[in-house]
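Below you'll find the structure, written out as structure tokens, and then a few comments.
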Amino acid sequence: MNLKLRIENAASETLMTSEPGDETWMLYEPAYAEGDSIVLESDETECFAWIQLDDAMPPALVYIKEREFRLPVPMGEGKASYSPRAFSGSCHLIHARTVPAPEDRHNLSFNPYDTHGAPSLFPHASANVETRNESVFAARNAIDGSVANSFHGEWPHTSWGINQNPEACLKIEFGRKVIAEEAVVYLRADFPHDAWWTSGCLSFSDGSSVTLEFKKTGAAQKTCFPPRLVEWVTLDNLIKADDPSPFPALTQLEIHGRES
């Protein structure tokens, strides 16, 4: 399998392309401009890769579902959910390599490169509500790997904000069937600004569900369940605690398990 990286501008003109291969990298030295995109191409689909699309962000194991993944370079308010070092300056090291399907147990939902729109790279998070449509409260923040949850509204204290909607629902798609066996939840814990949920429901693509019980804490809250073969999971039926604050929120949802 060959991967290739390229930078495109707002007019879809290619500014730079890497050499294709099972491992490829690119050093892009101009500063990014409004409308630029980082594009990952693959000559195969249904495969795994390690990618690091900015040297100020962590590498991630992702599942390639389509032949092209496009990450619009965050600008303005959209950059608020990323490290100030990410996508900044005039020297950008980008790297991708193919890998076999992992055999170890791992966090199936981790993807700091997730973005809005039709997914072509997985895992992918989406929701029926995001507070004021601001990037620091977007669904993608729940799978970006950052567990800093003692504040809100700026990096690294990103979260999925529900805009006080009792019908809020978060969905994580894996892009293939995986074996899920544990959920790890980090509630946002900017108390007393924040409230918290006492429980929530994990529903799986196989029709099963698991009730999660929560405490008022910023620590990881783990729930193990019998392994199940699933393509996606939703978190909803979130029951708010009896607390004066109207602002419960989710910092991170990890789904641990193995490849099928």
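Convention: chains lettered A, B, ... in structure tokens order; per-chain residue numbering from 1; ligands numbered from 1 as shown.
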
Considering only C-alpha atoms, return as a list in words whatever protein or nucleic-acid residues lie within 7 Å of range 26-42 of chain A, sequence-local ones (same chain, fewer than 2 positions apart) excluded. Asn2, Leu3, Lys4, Leu5, Arg6, Ile7, Glu8, Asn9, Ala10, Ser18, Glu44, Thr45, Arg67, Glu68, Phe69, Arg70, Leu71, Pro72, Val73, Met75, Gly89, Ser90, Cys91, His92, Leu93, Ile94 and His95 of chain A

Would you list the contacts of Pro58 in chain A as a ChimeraX atom specification, taking every protein, DNA or RNA residue within 10 Å and counting only C-alpha atoms, but skipping same-chain residues closer than 2 positions in sequence? /A:51-56,60,111-113,144-145

Restrict the selected residues to C-alpha atoms and save them as a PDB file, in the first residue's frame.
ATOM      1  CA  ILE A  51      -0.342   9.496  10.996  1.00  0.00           C
ATOM      2  CA  GLN A  52       1.027  12.718  12.458  1.00  0.00           C
ATOM      3  CA  LEU A  53      -0.352  15.629  10.470  1.00  0.00           C
ATOM      4  CA  ASP A  54       1.367  18.239  12.639  1.00  0.00           C
ATOM      5  CA  ASP A  55       4.507  17.852  14.725  1.00  0.00           C
ATOM      6  CA  ALA A  56       2.798  19.587  17.688  1.00  0.00           C
ATOM      7  CA  ALA A  60      -2.550   8.322  15.937  1.00  0.00           C
ATOM      8  CA  ASN A 111      -8.338  10.249  16.770  1.00  0.00           C
ATOM      9  CA  PRO A 112      -7.073  13.827  17.282  1.00  0.00           C
ATOM     10  CA  TYR A 113      -7.338  14.414  13.493  1.00  0.00           C
ATOM     11  CA  ASP A 144      -8.835  13.854  20.823  1.00  0.00           C
ATOM     12  CA  GLY A 145      -6.971  12.241  23.740  1.00  0.00           C
TER      13      GLY A 145
END

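Counting only C-alpha atoms, Leu121 in chain A has the following residues at most 7 Å away, ignoring those fewer than 3 positions along the same chain: Val62, Tyr63, Ile64, Lys65 and Phe69 of chain A.
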
Just want the 9 Å neighbourhood of Pro156 in chain A, counted on only C-alpha atoms, with same-chain residues fewer than 4 positions away dropped. Output as a PyMOL selection string. chain A and resi 81-83+146-149+151-152

Selection from above, N, CA and C atoms, as an mmCIF file, in the first residue's frame, can you write it?
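Saved file part38.cif follows:
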data_model
loop_
_atom_site.group_PDB
_atom_site.id
_atom_site.type_symbol
_atom_site.label_atom_id
_atom_site.label_comp_id
_atom_site.auth_asym_id
_atom_site.auth_seq_id
_atom_site.Cartn_x
_atom_site.Cartn_y
_atom_site.Cartn_z
ATOM 1 N N SER A 81 -9.393 24.794 19.572
ATOM 2 C CA SER A 81 -9.394 23.474 20.194
ATOM 3 C C SER A 81 -8.088 22.714 19.975
ATOM 4 N N TYR A 82 -7.079 23.383 19.411
ATOM 5 C CA TYR A 82 -5.773 22.775 19.177
ATOM 6 C C TYR A 82 -4.704 23.518 19.967
ATOM 7 N N SER A 83 -3.585 22.850 20.189
ATOM 8 C CA SER A 83 -2.443 23.515 20.814
ATOM 9 C C SER A 83 -2.064 24.759 20.011
ATOM 10 N N SER A 146 -7.149 14.387 24.897
ATOM 11 C CA SER A 146 -6.851 15.328 25.973
ATOM 12 C C SER A 146 -7.815 15.115 27.134
ATOM 13 N N VAL A 147 -7.274 14.823 28.313
ATOM 14 C CA VAL A 147 -8.114 14.579 29.495
ATOM 15 C C VAL A 147 -8.059 15.749 30.483
ATOM 16 N N ALA A 148 -7.515 16.888 30.063
ATOM 17 C CA ALA A 148 -7.492 18.071 30.924
ATOM 18 C C ALA A 148 -8.928 18.570 31.089
ATOM 19 N N ASN A 149 -9.484 18.439 32.284
ATOM 20 C CA ASN A 149 -10.918 18.704 32.452
ATOM 21 C C ASN A 149 -11.259 19.606 33.634
ATOM 22 N N PHE A 151 -11.074 22.905 33.617
ATOM 23 C CA PHE A 151 -11.484 24.217 33.131
ATOM 24 C C PHE A 151 -12.271 23.972 31.845
ATOM 25 N N HIS A 152 -12.666 25.035 31.169
ATOM 26 C CA HIS A 152 -13.405 24.864 29.911
ATOM 27 C C HIS A 152 -13.179 26.082 29.018
#

Worksheet entry | Ile179 in chain A environment, 10 Å, only C-alpha atoms, sequence neighbours closer than 2 positions dropped, as number ranges by chain | A: 105, 108, 177, 181-182, 226-231, 255-260

Ala168 in chain A surroundings by only C-alpha atoms, 9 Å radius, close-in-sequence under 3 positions cut, as a tab-separated table (two decimals) with C-alpha atoms, in the first residue's frame:
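Heads up, here's the output in selection_36.tsv:
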chain	number	residue	atom	x	y	z
A	127	ALA	CA	-23.30	14.76	17.78
A	128	ASN	CA	-26.78	16.20	17.46
A	129	VAL	CA	-25.70	19.33	19.35
A	130	GLU	CA	-22.49	21.27	20.00
A	162	ILE	CA	-24.34	19.93	24.90
A	163	ASN	CA	-25.82	23.46	25.10
A	164	GLN	CA	-28.06	22.32	28.00
A	165	ASN	CA	-29.89	19.92	25.68
A	235	LEU	CA	-23.82	7.94	24.35
A	236	ASP	CA	-27.16	9.47	25.31
A	237	ASN	CA	-29.91	9.43	27.95
A	238	LEU	CA	-27.57	11.57	30.05

Inset, instruction - Please give the complete set of residues from range 4-42 of chain A that DSSP, run on the backbone, assigns to strand (DSSP E), formatted as a ChimeraX atom specification. - result: /A:4-8,14-17,23-28,37-42

From the list A:Ala142, A:Ile239, A:Gly218, A:Arg188, the nearest residue to Gly200 in chain A using only C-alpha atoms is A:Ile239
